[in-house]
Every structure is written in structure tokens, then in C-alpha cells.
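What follows is a short report on a single structure.
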Amino acid sequence: SVNVSAPNLTIPAQAQVNILGSTAQVDLASQINFVMDLNSLLTVPGGAVNVDAQNHLTLFGSMNGTAAPQFDLDSVAGVTMLDGTTIRAPQAGSRVRLRSASQVLVASLEVPEIEIVAPTVISVGPNTWGAIGLPLQAQVSGHNIIIGGAGPLDIEGTRADVNLASNTTITNFVGVRFGDTPGNLNVTAGNMTSASNADISASAPVNITFQGGRFDLGLADISLPAAGSTLDVNSSAAVLLGNVTVADSVDAQTTAGNVRVFGEVRSDRVTLATPASILGVTPEAQITGLQQLNLSASNMYGLGPQQTLAIASGAAGQVVLNISGANFPDSGPPELPTPEGFAGSLLYRFPQSSNLTVNAANNVRVVNEPAPAPEPVANTSIDSRQDLSPETQAVVTAQLAQSQMQLGNLPPASVDLSSGDWEGITHTNEGLTSFYAA
């Protein structure tokens, strides 16, 4: 065991401290500050490293575990990791805990089990939380959690379960990227708000759940295209959604406040429910449920002059609209204003499923977007290929002439159109012809 206690503890810049012994117990206690200076390194094979600072704990250097160590870093006045510093112990069984009575600034943690507890937890990026090739269990809690900095939180491993818990709010949320790591993102917060161009993405199946107050990711992109991915939001305030693409289901419900759509919300199954209104905030606002689309609200309309709230489904999807309000503003296409006596209009994009049910307290007009006109088929002839040399063009022309001669010499085909036993003719550039059963 190693026990060091002093008013201030510092590992100098460029210095490397090696703790020997696979079960070493290292206790570093500072009555004031503990500092690892620039590019310093603390290496332990296993065992436990406990750092207790009564003031600041600052890591401008890195910690490295070569076996399966347990890192416990406690500070009264705050834990700070400079961007670029790392606590790395990718072996199974390794763990890191960062705890402070003040804020914690987190850089890169490559450890399979992570726990961070502080009034404010700020992620400085770009970051990597979770060791490559191992499951990640991340518990992050604080009154205020900020996933920000130069980039979102990057998760790497065979599987990841990330839990963000905040008593007050998660602000300036820049995002979480799972990459090809399947897992879960569970958020329990008072409120959650995103920064501009925030990003939650994964190429593997990921499930996102939110339980709390205002869910404001109207400026965020949520992209979970892998089969099995879900988004489940249970809010007691407003819900704001940007561009959302989730493979299996999007379920966003609130007990109070509007559901505002800034982009396209798209999934196999989409359920949006609120006692207030579902609003399209931008011209791009659209709600697409390919297999099922269930919308329940007092009102549904496009917010703003001549805005339209668009809905869409697969050709065989099931669409149910429950509208309990007696009236809401016109949100039909500008060229088709809502007639008198109707509560409002919804634009139904093509292709429309015929399986549409509208339960409303007043008349609601659903305007079907017309099907795209088929492209006209023009009779064209090709005299030459501009990408061919003159010599090759001459060969093609000769082959075409031979094909036409052979086709012209064929006897007329006898076809009984009512029998369905049709025949056709094919030919190749070599001029060969043949009959085939259609």
C-alpha cells in the first residue's frame, strides 16, 4: 500500500509515476490541491487508487491501468480534466468514479464502468466514454448536466448503457454518438435542452428513454436507423422534436404543453399525444408513421402564416387522428384555404393509406397531396453513342442493321391476347434473335 498525505500534491509535467504490484492500494490525500501537470502519467497495474482533495483536483496528465484498477477521485471544489487527458483502464472489471461537491469537467474515460456525481457535470470534447471491446455502464448525475465542448459524447464498446440523471436540467446538449455500439440511453431530468446542431446517432440498435419535464431537442438530429431502435419520451411539459429518424418506434407523450415539430419525425410506428396542440413549426414539419401513425391532441395545425402540418404513412399504414378541440387555425395549403365550418386542415402526403380514421369534435379536412404525374414516355431513336469512337459506332451500326434485317425476316407471331400466353422478341448487339415467354 502507498499512503501519501500533504497540503498539496503535484505530479510534475512530463513525469511518470509507476505503482508496482497488481493489488496495490494507493491513497493520496491533499488538504488543498491535487494536480497532475501537463503530460504527466500515473500508471497502476491493478488494485485501487483513491485521490481525496479538499480543494481542487486537476488532471492535465493521464492515468493508466494495465490490469483492472479501481479509480476513485473525490474533490470538494471540483474535478477538472483537460481536453486530451485520459483515464484509461479498458480491462473488464475496471472502474472510475468522479465525485465532487462542485462541478466535474470530464474529458476522455476509457473504462467499462463509470460513475460521475456532482452538482454540475460538463463533458468537454471530443470525448470517448467507454472502453473499446467492452460493455460500458455509465452513471452520470447532477443538478445540471452539460454534454458539450468541441463535440458530442462518443461511446465505444460491445454494448453501452448510459444513464443521465439530473435534478434540474440537462442543458446545451451537444449529443451522444453510439457508433456501432448497441445499447441504451436513459435520461431522467427536470428539463433537457439541446444546443444548435445537436446529434444523437447510432448505426447499431439503440433505445432512448426520457422521463422528466421539458424535452427540447428541436434543434437536434436523432438518427437511429438500425432495426430495434426506439425513442420513448414521457414529459410533463412541452416536447420539441427536430429531425427524428428511428427504425422501430417513436412514442412522445406529455401531460401538459404542446408537441412542436421542427423537421420530419419518421419511424415505422409513431405516437404523439398531448392534451394541448401538435404544431408544425417549419415548412419542413412532417410526421411519418410508415406502419402506424397515432396522433392525439386538442388541436393539430401549422404554426405561423400559411404553415401546413403534414402527415404521411406507408401505402398500407394505419393512421388514427384523435382531435378533441372544437376549433383550431387553418393549416391547409395556401392555395386550398379551409372552408367555413371546418376546424382546420391537415396535409396528407402521397402515398396515402386508405386506412385513415379521424375522431374529431368538429369537422376536420384532410387534404390529400396529389399523386405525382407519371413521366411521359417519348418515342425516341438513338443514332449514335457520343461516348464511342467512330470505329465502335460503325460496328454498332452494322450490328443494328443486321438485327433489323433478321427481325424483318421473321414470320408474324400468332398471339392469343386473351390466353395470357404472350411472346416477345429479344436481340443482342450480335444480331441474334429469339422468342421468349413473357
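Labeling convention for the C-alpha cells: chains A, B, ... as they appear, residues from 1 per chain, ligands from 1 in order of appearance.
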
Per-residue nearest contacts of stretch 249-323 of chain A to stretch 350-353 of chain A (12 Å; only C-alpha atoms) as a tab-separated table:
residue	atom	partner	partner_atom	distance
A:Thr288	CA	A:Gln352	CA	10.9
A:Gly289	CA	A:Ser353	CA	10.7
A:Leu290	CA	A:Ser353	CA	9.5
A:Gln291	CA	A:Ser353	CA	9.6
A:Gln292	CA	A:Ser353	CA	10.3
A:Leu293	CA	A:Ser353	CA	10.7
A:Ala310	CA	A:Phe350	CA	10.4
A:Ile311	CA	A:Gln352	CA	9.3
A:Ala312	CA	A:Gln352	CA	6.8
A:Ser313	CA	A:Gln352	CA	6.2
A:Gly314	CA	A:Ser353	CA	6.3
A:Ala315	CA	A:Ser353	CA	4.6
A:Ala316	CA	A:Ser353	CA	5.2
A:Gly317	CA	A:Ser353	CA	5.6
A:Gln318	CA	A:Ser353	CA	7.1
A:Val319	CA	A:Ser353	CA	7.6
A:Val320	CA	A:Ser353	CA	11.0

Next, write the just-selected residues to a file, as a short mmCIF file (atom, residue, chain, number, x, y, z; two decimals), in the first residue's frame, keeping all heavy atoms as the atom set.
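Writing done, so here's result-v4.cif:
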data_model
loop_
_atom_site.label_atom_id
_atom_site.label_comp_id
_atom_site.auth_asym_id
_atom_site.auth_seq_id
_atom_site.Cartn_x
_atom_site.Cartn_y
_atom_site.Cartn_z
N THR A 288 -44.31 11.13 -39.99
CA THR A 288 -44.44 9.97 -40.86
C THR A 288 -44.42 8.68 -40.04
O THR A 288 -43.43 8.40 -39.37
CB THR A 288 -43.31 9.93 -41.90
OG1 THR A 288 -43.31 11.14 -42.67
CG2 THR A 288 -43.47 8.75 -42.83
N GLY A 289 -45.51 7.96 -40.09
CA GLY A 289 -45.57 6.62 -39.49
C GLY A 289 -45.78 5.61 -40.60
O GLY A 289 -46.88 5.52 -41.16
N LEU A 290 -44.76 4.87 -40.96
CA LEU A 290 -44.84 4.01 -42.13
C LEU A 290 -45.85 2.89 -41.96
O LEU A 290 -46.59 2.55 -42.88
CB LEU A 290 -43.44 3.44 -42.44
CG LEU A 290 -42.38 4.49 -42.79
CD1 LEU A 290 -41.02 3.83 -42.95
CD2 LEU A 290 -42.76 5.25 -44.05
N GLN A 291 -45.89 2.31 -40.75
CA GLN A 291 -46.85 1.24 -40.48
C GLN A 291 -48.02 1.72 -39.63
O GLN A 291 -49.16 1.36 -39.88
CB GLN A 291 -46.15 0.07 -39.79
CG GLN A 291 -45.06 -0.58 -40.63
CD GLN A 291 -44.35 -1.69 -39.88
OE1 GLN A 291 -44.80 -2.13 -38.82
NE2 GLN A 291 -43.22 -2.14 -40.40
N GLN A 292 -47.72 2.55 -38.61
CA GLN A 292 -48.76 3.07 -37.74
C GLN A 292 -48.46 4.53 -37.43
O GLN A 292 -47.31 4.90 -37.18
CB GLN A 292 -48.84 2.28 -36.43
CG GLN A 292 -49.29 0.84 -36.59
CD GLN A 292 -49.33 0.11 -35.25
OE1 GLN A 292 -49.07 0.69 -34.20
NE2 GLN A 292 -49.65 -1.18 -35.28
N LEU A 293 -49.53 5.34 -37.44
CA LEU A 293 -49.41 6.74 -37.07
C LEU A 293 -50.60 7.08 -36.19
O LEU A 293 -51.75 7.01 -36.65
CB LEU A 293 -49.38 7.64 -38.31
CG LEU A 293 -49.35 9.15 -38.05
CD1 LEU A 293 -48.10 9.54 -37.25
CD2 LEU A 293 -49.40 9.93 -39.36
N ALA A 310 -47.97 18.53 -42.00
CA ALA A 310 -48.10 17.40 -42.92
C ALA A 310 -47.98 16.09 -42.17
O ALA A 310 -47.19 15.97 -41.22
CB ALA A 310 -47.04 17.49 -44.02
N ILE A 311 -48.77 15.11 -42.60
CA ILE A 311 -48.65 13.75 -42.09
C ILE A 311 -48.42 12.83 -43.28
O ILE A 311 -48.74 13.17 -44.42
CB ILE A 311 -49.90 13.32 -41.30
CG1 ILE A 311 -51.14 13.35 -42.20
CG2 ILE A 311 -50.09 14.20 -40.08
CD1 ILE A 311 -52.38 12.78 -41.55
N ALA A 312 -47.84 11.68 -43.01
CA ALA A 312 -47.56 10.73 -44.09
C ALA A 312 -47.55 9.33 -43.51
O ALA A 312 -47.34 9.12 -42.31
CB ALA A 312 -46.21 11.04 -44.74
N SER A 313 -47.77 8.34 -44.38
CA SER A 313 -47.77 6.95 -43.97
C SER A 313 -47.29 6.10 -45.12
O SER A 313 -47.10 6.58 -46.24
CB SER A 313 -49.18 6.51 -43.56
OG SER A 313 -50.01 6.42 -44.70
N GLY A 314 -47.07 4.84 -44.84
CA GLY A 314 -46.85 3.90 -45.91
C GLY A 314 -48.15 3.62 -46.63
O GLY A 314 -49.25 3.95 -46.14
N ALA A 315 -48.08 3.01 -47.80
CA ALA A 315 -49.29 2.78 -48.60
C ALA A 315 -50.31 1.92 -47.88
O ALA A 315 -51.50 2.02 -48.14
CB ALA A 315 -48.90 2.16 -49.93
N ALA A 316 -49.84 1.06 -46.95
CA ALA A 316 -50.75 0.18 -46.21
C ALA A 316 -50.73 0.48 -44.72
O ALA A 316 -51.12 -0.36 -43.91
CB ALA A 316 -50.37 -1.28 -46.45
N GLY A 317 -50.29 1.68 -44.34
CA GLY A 317 -50.19 2.02 -42.92
C GLY A 317 -51.55 2.28 -42.29
O GLY A 317 -52.56 2.48 -42.98
N GLN A 318 -51.57 2.26 -40.97
CA GLN A 318 -52.78 2.55 -40.21
C GLN A 318 -52.63 3.93 -39.58
O GLN A 318 -51.70 4.16 -38.81
CB GLN A 318 -53.02 1.49 -39.14
CG GLN A 318 -54.30 1.69 -38.34
CD GLN A 318 -54.47 0.65 -37.25
OE1 GLN A 318 -53.50 0.30 -36.60
NE2 GLN A 318 -55.69 0.17 -37.05
N VAL A 319 -53.55 4.84 -39.88
CA VAL A 319 -53.47 6.22 -39.41
C VAL A 319 -54.71 6.54 -38.59
O VAL A 319 -55.84 6.37 -39.07
CB VAL A 319 -53.34 7.21 -40.60
CG1 VAL A 319 -53.22 8.63 -40.09
CG2 VAL A 319 -52.14 6.84 -41.47
N VAL A 320 -54.50 7.01 -37.36
CA VAL A 320 -55.59 7.40 -36.49
C VAL A 320 -55.30 8.79 -35.95
O VAL A 320 -54.24 9.02 -35.34
CB VAL A 320 -55.78 6.41 -35.32
CG1 VAL A 320 -56.91 6.87 -34.40
CG2 VAL A 320 -56.06 5.00 -35.84
#

Task: Non-local contacts of stretch 89-103 of chain A (8 Å; only C-alpha atoms; under 4 positions in same chain excluded) as a ChimeraX atom specification - done: /A:64-79,110-122,130-132,134

With a distance cut-off of 10 Å and only C-alpha atoms, select the neighbouring residues of A:Gly21, excluding the residue or stretch itself and same-chain residues fewer than 6 positions from it, and output the selection as a short mmCIF file (atom, residue, chain, number, x, y, z; two decimals) with N, CA and C atoms, in the first residue's frame.
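Now in around.cif:
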data_model
loop_
_atom_site.label_atom_id
_atom_site.label_comp_id
_atom_site.auth_asym_id
_atom_site.auth_seq_id
_atom_site.Cartn_x
_atom_site.Cartn_y
_atom_site.Cartn_z
N SER A 1 0.85 -1.19 0.00
CA SER A 1 0.00 0.00 0.00
C SER A 1 0.88 1.24 0.00
N VAL A 44 -0.81 2.28 -12.91
CA VAL A 44 -1.02 1.26 -11.88
C VAL A 44 -1.46 -0.02 -12.58
N PRO A 45 -0.99 -1.18 -12.12
CA PRO A 45 -1.42 -2.42 -12.77
C PRO A 45 -2.83 -2.82 -12.39
N GLY A 46 -3.18 -2.69 -11.13
CA GLY A 46 -4.49 -3.11 -10.65
C GLY A 46 -4.74 -2.46 -9.31
N GLY A 47 -5.49 -3.13 -8.45
CA GLY A 47 -5.73 -2.59 -7.13
C GLY A 47 -6.63 -1.37 -7.16
#

DSSP on the backbone, strand (DSSP E or B) only: what residues of stretch 225-335 of chain A does that give? Format it as a short mmCIF file (atom, residue, chain, number, x, y, z; two decimals) with N, CA and C atoms, in the first residue's frame.
data_model
loop_
_atom_site.label_atom_id
_atom_site.label_comp_id
_atom_site.auth_asym_id
_atom_site.auth_seq_id
_atom_site.Cartn_x
_atom_site.Cartn_y
_atom_site.Cartn_z
N THR A 230 -35.55 2.54 -30.67
CA THR A 230 -36.78 3.19 -30.23
C THR A 230 -36.46 4.52 -29.55
N LEU A 231 -37.46 5.41 -29.55
CA LEU A 231 -37.40 6.67 -28.79
C LEU A 231 -38.68 6.77 -27.99
N ASP A 232 -38.54 6.89 -26.66
CA ASP A 232 -39.70 6.92 -25.77
C ASP A 232 -39.57 8.14 -24.87
N VAL A 233 -40.49 9.10 -25.03
CA VAL A 233 -40.45 10.35 -24.26
C VAL A 233 -41.72 10.46 -23.44
N ASN A 234 -41.57 10.61 -22.13
CA ASN A 234 -42.67 10.87 -21.22
C ASN A 234 -42.37 12.17 -20.50
N SER A 235 -43.14 13.21 -20.84
CA SER A 235 -42.83 14.56 -20.38
C SER A 235 -44.02 15.14 -19.63
N VAL A 239 -42.82 19.28 -25.59
CA VAL A 239 -41.93 18.36 -26.30
C VAL A 239 -41.61 18.99 -27.65
N LEU A 240 -40.32 19.19 -27.93
CA LEU A 240 -39.86 19.77 -29.18
C LEU A 240 -39.00 18.76 -29.91
N LEU A 241 -39.37 18.45 -31.15
CA LEU A 241 -38.68 17.43 -31.94
C LEU A 241 -38.17 18.06 -33.22
N GLY A 242 -36.89 17.73 -33.56
CA GLY A 242 -36.31 18.18 -34.82
C GLY A 242 -36.42 17.10 -35.87
N ASN A 243 -35.33 16.82 -36.54
CA ASN A 243 -35.31 15.70 -37.49
C ASN A 243 -35.07 14.42 -36.71
N VAL A 244 -36.05 13.53 -36.74
CA VAL A 244 -36.00 12.29 -35.96
C VAL A 244 -36.23 11.12 -36.92
N THR A 245 -35.24 10.24 -37.01
CA THR A 245 -35.38 9.02 -37.79
C THR A 245 -35.04 7.84 -36.88
N VAL A 246 -36.05 7.06 -36.53
CA VAL A 246 -35.89 5.93 -35.62
C VAL A 246 -36.56 4.72 -36.27
N SER A 249 -39.85 2.62 -33.44
CA SER A 249 -40.96 3.40 -32.90
C SER A 249 -40.50 4.71 -32.30
N VAL A 250 -41.37 5.71 -32.42
CA VAL A 250 -41.23 6.99 -31.72
C VAL A 250 -42.51 7.19 -30.93
N ASP A 251 -42.38 7.30 -29.62
CA ASP A 251 -43.53 7.49 -28.74
C ASP A 251 -43.23 8.68 -27.85
N ALA A 252 -43.88 9.82 -28.12
CA ALA A 252 -43.65 11.04 -27.35
C ALA A 252 -44.98 11.51 -26.79
N GLN A 253 -45.09 11.51 -25.47
CA GLN A 253 -46.33 11.89 -24.81
C GLN A 253 -46.03 12.87 -23.70
N THR A 254 -46.93 13.83 -23.53
CA THR A 254 -46.79 14.81 -22.47
C THR A 254 -48.13 15.01 -21.79
N VAL A 259 -46.71 19.70 -28.42
CA VAL A 259 -45.69 18.95 -29.14
C VAL A 259 -45.38 19.74 -30.40
N ARG A 260 -44.15 20.23 -30.51
CA ARG A 260 -43.75 21.07 -31.64
C ARG A 260 -42.79 20.29 -32.53
N VAL A 261 -43.08 20.29 -33.82
CA VAL A 261 -42.29 19.53 -34.79
C VAL A 261 -41.57 20.52 -35.70
N GLU A 264 -38.74 16.44 -39.82
CA GLU A 264 -39.55 15.25 -40.06
C GLU A 264 -39.32 14.24 -38.95
N VAL A 265 -40.40 13.80 -38.34
CA VAL A 265 -40.38 12.72 -37.36
C VAL A 265 -40.82 11.47 -38.11
N ARG A 266 -39.94 10.46 -38.21
CA ARG A 266 -40.17 9.32 -39.10
C ARG A 266 -39.80 8.02 -38.40
N SER A 267 -40.72 7.06 -38.45
CA SER A 267 -40.47 5.74 -37.89
C SER A 267 -41.52 4.78 -38.42
N ASP A 268 -41.33 3.47 -38.17
CA ASP A 268 -42.38 2.52 -38.53
C ASP A 268 -43.66 2.80 -37.76
N ARG A 269 -43.52 3.13 -36.47
CA ARG A 269 -44.67 3.41 -35.63
C ARG A 269 -44.43 4.72 -34.88
N VAL A 270 -45.34 5.67 -35.05
CA VAL A 270 -45.21 6.98 -34.42
C VAL A 270 -46.46 7.25 -33.61
N THR A 271 -46.26 7.61 -32.34
CA THR A 271 -47.35 8.01 -31.46
C THR A 271 -46.98 9.34 -30.82
N LEU A 272 -47.79 10.37 -31.05
CA LEU A 272 -47.62 11.67 -30.39
C LEU A 272 -48.92 11.99 -29.69
N ALA A 273 -48.85 12.34 -28.40
CA ALA A 273 -50.07 12.58 -27.64
C ALA A 273 -49.85 13.74 -26.68
N SER A 277 -51.66 21.06 -28.12
CA SER A 277 -51.65 21.03 -29.58
C SER A 277 -50.41 20.34 -30.11
N ILE A 278 -50.55 19.74 -31.29
CA ILE A 278 -49.43 19.26 -32.08
C ILE A 278 -49.22 20.28 -33.19
N LEU A 279 -48.04 20.90 -33.24
CA LEU A 279 -47.81 22.04 -34.11
C LEU A 279 -46.68 21.77 -35.08
N GLY A 280 -46.87 22.13 -36.34
CA GLY A 280 -45.79 22.16 -37.30
C GLY A 280 -45.17 23.55 -37.30
N GLN A 286 -43.14 17.50 -40.63
CA GLN A 286 -43.90 16.35 -41.13
C GLN A 286 -43.79 15.21 -40.13
N ILE A 287 -44.88 14.46 -39.98
CA ILE A 287 -44.92 13.31 -39.08
C ILE A 287 -45.24 12.09 -39.94
N THR A 288 -44.31 11.13 -39.99
CA THR A 288 -44.44 9.97 -40.86
C THR A 288 -44.42 8.68 -40.04
N GLY A 289 -45.51 7.96 -40.09
CA GLY A 289 -45.57 6.62 -39.49
C GLY A 289 -45.78 5.61 -40.60
N LEU A 290 -44.76 4.87 -40.96
CA LEU A 290 -44.84 4.01 -42.13
C LEU A 290 -45.85 2.89 -41.96
N GLN A 291 -45.89 2.31 -40.75
CA GLN A 291 -46.85 1.24 -40.48
C GLN A 291 -48.02 1.72 -39.63
N GLN A 292 -47.72 2.55 -38.61
CA GLN A 292 -48.76 3.07 -37.74
C GLN A 292 -48.46 4.53 -37.43
N LEU A 293 -49.53 5.34 -37.44
CA LEU A 293 -49.41 6.74 -37.07
C LEU A 293 -50.60 7.08 -36.19
N ASN A 294 -50.33 7.41 -34.94
CA ASN A 294 -51.38 7.75 -33.98
C ASN A 294 -51.09 9.12 -33.40
N LEU A 295 -51.96 10.07 -33.67
CA LEU A 295 -51.81 11.43 -33.16
C LEU A 295 -53.04 11.78 -32.34
N SER A 296 -52.80 12.27 -31.11
CA SER A 296 -53.90 12.66 -30.23
C SER A 296 -53.58 14.02 -29.64
N ALA A 297 -54.50 14.98 -29.82
CA ALA A 297 -54.28 16.33 -29.31
C ALA A 297 -55.59 17.09 -29.34
N ASN A 299 -55.65 20.15 -30.68
CA ASN A 299 -55.58 20.77 -31.99
C ASN A 299 -54.35 20.27 -32.72
N MET A 300 -54.40 20.31 -34.04
CA MET A 300 -53.25 19.97 -34.88
C MET A 300 -53.22 20.97 -36.03
N TYR A 301 -52.13 21.72 -36.15
CA TYR A 301 -52.06 22.69 -37.23
C TYR A 301 -50.63 23.19 -37.41
N GLY A 302 -50.41 23.87 -38.52
CA GLY A 302 -49.13 24.50 -38.78
C GLY A 302 -49.06 25.85 -38.10
N ALA A 310 -47.97 18.53 -42.00
CA ALA A 310 -48.10 17.40 -42.92
C ALA A 310 -47.98 16.09 -42.17
N ILE A 311 -48.77 15.11 -42.60
CA ILE A 311 -48.65 13.75 -42.09
C ILE A 311 -48.42 12.83 -43.28
N ALA A 312 -47.84 11.68 -43.01
CA ALA A 312 -47.56 10.73 -44.09
C ALA A 312 -47.55 9.33 -43.51
N SER A 313 -47.77 8.34 -44.38
CA SER A 313 -47.77 6.95 -43.97
C SER A 313 -47.29 6.10 -45.12
N GLN A 318 -51.57 2.26 -40.97
CA GLN A 318 -52.78 2.55 -40.21
C GLN A 318 -52.63 3.93 -39.58
N VAL A 319 -53.55 4.84 -39.88
CA VAL A 319 -53.47 6.22 -39.41
C VAL A 319 -54.71 6.54 -38.59
N VAL A 320 -54.50 7.01 -37.36
CA VAL A 320 -55.59 7.40 -36.49
C VAL A 320 -55.30 8.79 -35.95
N LEU A 321 -56.25 9.72 -36.16
CA LEU A 321 -56.12 11.08 -35.66
C LEU A 321 -57.25 11.34 -34.67
N ASN A 322 -56.88 11.64 -33.43
CA ASN A 322 -57.86 11.97 -32.40
C ASN A 322 -57.72 13.44 -32.06
N ILE A 323 -58.76 14.24 -32.39
CA ILE A 323 -58.70 15.69 -32.21
C ILE A 323 -59.88 16.08 -31.34
#
